[in-house]
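Beneath this line is the structure, given in structure tokens, with notes to follow.
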Amino acid sequence: MVNMKYIFISGGVVSGLGKGITSASVGLILKNRGYRVTNIKIDMYLNVDAGTIRPQEHGEVFVTKDGMETDQDLGNYERFIGESLDKSNYITTGQVYKAVIDRERAFGYEGEDVEAIPHVTDEITDRIKRAGKSNKADIVIVELGGTVGEYQNSLFFEASRILRLKQPKDVIQIHVTYLPFLKHIGELKSKPAQQSTHLLNAIGIQPDFIVTRSEKSIDEKRKEKLAVFCNLNKENIIDNPDVRSVYVLPEHFEKQKFSEKILKKLGLKVRTASGYLEKWNKFVEKKERAVKTIKIAMVGKYFATGDYKLTDSYISVIEAIKQAAWTIGLVPELSWINSDDFEKNNFKASDFDGIVVPQGWGSRGVEGKIKAVKFARENKIPYLGLCFGMQMAVIEFARNVVGLKGANSVEVDKNTKYPVVHIMPDQLEYLKNKQYGGTIRLGSWPCKLTPKTKLFDAYKKFGQNKDAPWNSEKNSKSDLSKIDNVIHERHRHRYEFNNEYRNRLEKAGLTISGTSPDGKLVEAIEITNHPFFVATQFHPEYIARPLSPHPVFLAFLEAIKNNV
């Protein structure tokens, strides 16, 4: 057992550089060296978690196995290092301040005057260390949210500085910074990177490595300039240009011997590669070999922000589709359909090979989503509904097949005559008291599959890996060959299928293909006489990973392949 080591990864110049992918890739290449790693994301926000933040503000809300609503970067970490993380891997300013204030109110500081330093910084480092212990990590990789120089994240930088001061042999700093490529003169400019490094220096932090983000690879001349002005050796400037896929970045880092350099800085043995990166690269090769293009419509309502369309709101869904498609030789071409706009427009049957309706909340854009479901059902186009997408499928079926005109979710219309989707009973009190944060059904829960359904067949065909999250994130042993047919999936919802309408919908042809083990909560539905019409209340995208593509997405993509 090695003395626990810490790597802090900061960003400079602009946000959105890809610190998360850099952090995830560093975790992957160190895991490949045989070390147990864990990744932490620190967000500067005063929110306690990401659950109440609009997706357009902060991207997708990712949910851990124990139900923490987090930043989307935890999804990147899980996909790259192949580990299920927990609530200790996500830290916010709100969590830290709340803990310090609660402790002060309980006389936990025994009469001391409570100050930012050392009390807030101590709370930060204590949380980092607890995450390392919780995940039994040799190396803890901490991504500092935001960019250096922002007042909001200054205490997190200070905590990293103090930890390094106390444990100089156990802490290194990696700075991810931006080199703009000016097309009119045809070169990378290093001044912004120099300035962000100088800001780090000004708060007492000297980076051990600089990772250069740019459109182009950095050349030797600019490496030499950065080395001189940023006070580090040239070999510790790591190239990180735009690449054809984020999944090739770990190999790109290893070609620069990044893991070897990091381990030497930390005083750790450079172990022989474990083979994890080799498996990873075989997945990347599948992407390169895929040739057949398929067209998929993503019908959501969190794409638009001002004049721009963002995809980060659904990043786990997008990556799950890519992983499954590449695995079976397909190239997915995704189109972003704003459900608000689609209420007024129409698809043509030839436009798309598959339709996905992902998660969502509230009443806006609902009729556009229901319209997309109807189109997929009537035109026999493979359909996958995720969480809200299942609820929309239930509403559409109730209205247009069963004949319950005006059927709806009480989230959308509290006075609907046919509330085929209603609030979970334990949620009423939370809403009454305006307890919104962290109160919905969250985390990993068991689901009992119905034999002889497409969902059951998907897990039986593609989901037998015992180490895959749907089999390993469980409280008791389950096996698809046994009568219980239980898998485990992550959830994030407050509303559910109303069982009062279950018999009527089933008699009309709706199949309940998954329930909670006690049979009370409908977890998945499907339509039998259709190439593929499956919708889940849970979020299979959260646990889809490159080395274990999710069975639901594989079955969906296979149906598309067989249908085109």
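In the structure tokens, each chain is lettered A, B, ... as it comes, each chain's residues begin at 1, and ligands are numbered from 1 in order of appearance.
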Would you list the contacts of Arg545 in chain A as a PyMOL selection string, taking every protein, DNA or RNA residue within 8 Å and counting only C-alpha atoms, but skipping same-chain residues closer than 6 positions in sequence? chain A and resi 78-80+82+320+323
With N, CA, C and O atoms kept, could you save the residues just selected as a PDB file, in the first residue's frame?
ATOM      1  N   GLU A  78     -16.140   8.043 -14.687  1.00  0.00           N
ATOM      2  CA  GLU A  78     -16.593   6.645 -14.622  1.00  0.00           C
ATOM      3  C   GLU A  78     -16.366   5.940 -15.954  1.00  0.00           C
ATOM      4  O   GLU A  78     -15.972   4.762 -15.977  1.00  0.00           O
ATOM      5  N   ARG A  79     -16.623   6.622 -17.044  1.00  0.00           N
ATOM      6  CA  ARG A  79     -16.452   5.987 -18.350  1.00  0.00           C
ATOM      7  C   ARG A  79     -14.983   5.664 -18.624  1.00  0.00           C
ATOM      8  O   ARG A  79     -14.679   4.623 -19.214  1.00  0.00           O
ATOM      9  N   PHE A  80     -14.068   6.533 -18.212  1.00  0.00           N
ATOM     10  CA  PHE A  80     -12.659   6.333 -18.516  1.00  0.00           C
ATOM     11  C   PHE A  80     -11.977   5.359 -17.553  1.00  0.00           C
ATOM     12  O   PHE A  80     -11.230   4.489 -17.999  1.00  0.00           O
ATOM     13  N   GLY A  82     -13.543   3.259 -15.512  1.00  0.00           N
ATOM     14  CA  GLY A  82     -14.316   2.035 -15.331  1.00  0.00           C
ATOM     15  C   GLY A  82     -14.666   1.735 -13.897  1.00  0.00           C
ATOM     16  O   GLY A  82     -14.777   0.564 -13.507  1.00  0.00           O
ATOM     17  N   ALA A 320     -23.277   6.945 -24.732  1.00  0.00           N
ATOM     18  CA  ALA A 320     -23.808   5.571 -24.712  1.00  0.00           C
ATOM     19  C   ALA A 320     -24.190   5.115 -26.113  1.00  0.00           C
ATOM     20  O   ALA A 320     -23.957   3.964 -26.497  1.00  0.00           O
ATOM     21  N   GLN A 323     -20.859   4.464 -28.088  1.00  0.00           N
ATOM     22  CA  GLN A 323     -20.204   3.224 -27.655  1.00  0.00           C
ATOM     23  C   GLN A 323     -20.889   2.001 -28.260  1.00  0.00           C
ATOM     24  O   GLN A 323     -20.226   1.096 -28.783  1.00  0.00           O
TER      25      GLN A 323
END
Identify, on the basis of only C-alpha atoms, every residue whose closest approach to Leu268 in chain A does not exceed 10 Å; exclude the query and any residue fewer than 5 positions from it along the same chain; express the result as a count of residues only. 8
As a ChimeraX atom specification, please: every residue in range 340-492 of chain A that DSSP puts in alpha helix (DSSP H). /A:340-342,366-378,388-397,427-432,454-462,469-472
Point-to-point distance in Å for CA of Ile318 in chain A and CA of Met68 in chain A: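 Answer for the CA of Met68 in chain A to CA of Ile318 in chain A separation: 21.2 Å.
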Looking at only C-alpha atoms, which of A:Pro551, A:Ile29, A:Pro540, A:Gly108 is the one that sits closest to Lys460 in chain A? A:Pro551
Separation of CA of Thr327 in chain A and CA of Ile296 in chain A, in Å?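 It comes out at 16.4 Å.
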Expressed in Å to a single decimal, how great is the separation between CA of Asn379 in chain A and CA of Cys447 in chain A?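 Here the two named atoms are 29.6 Å from each other.
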Find the spatial neighbours of range 240-251 of chain A, counting only C-alpha atoms, within a cut-off of 6 Å - ignore same-chain residues fewer than 5 positions away - and output them as a list in words.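 Once the adjacent positions are removed, what remains is Ser25, Thr212, Arg213, Ser214, Glu215, Lys216 and Ser217 of chain A.
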Can you pull out every residue within 10 Å of Leu449 in chain A, counting only C-alpha atoms, but drop anything in the same chain fewer than 6 positions away, and send it as a list in words? Leu455, Phe456, Asp457, Tyr459, Leu480, Ile483, Asp484, Asn485, Val486, Ile487, Ile512, Ser513, Gly514, Thr515, Ser516, Pro517, Glu523 and Ala524 of chain A
Taking the DSSP assignment computed from this structure's backbone, write out as number ranges by chain all residues of range 376-462 of chain A that belong to strand (DSSP E or B). A: 383-386, 408-409, 419-423, 441-449
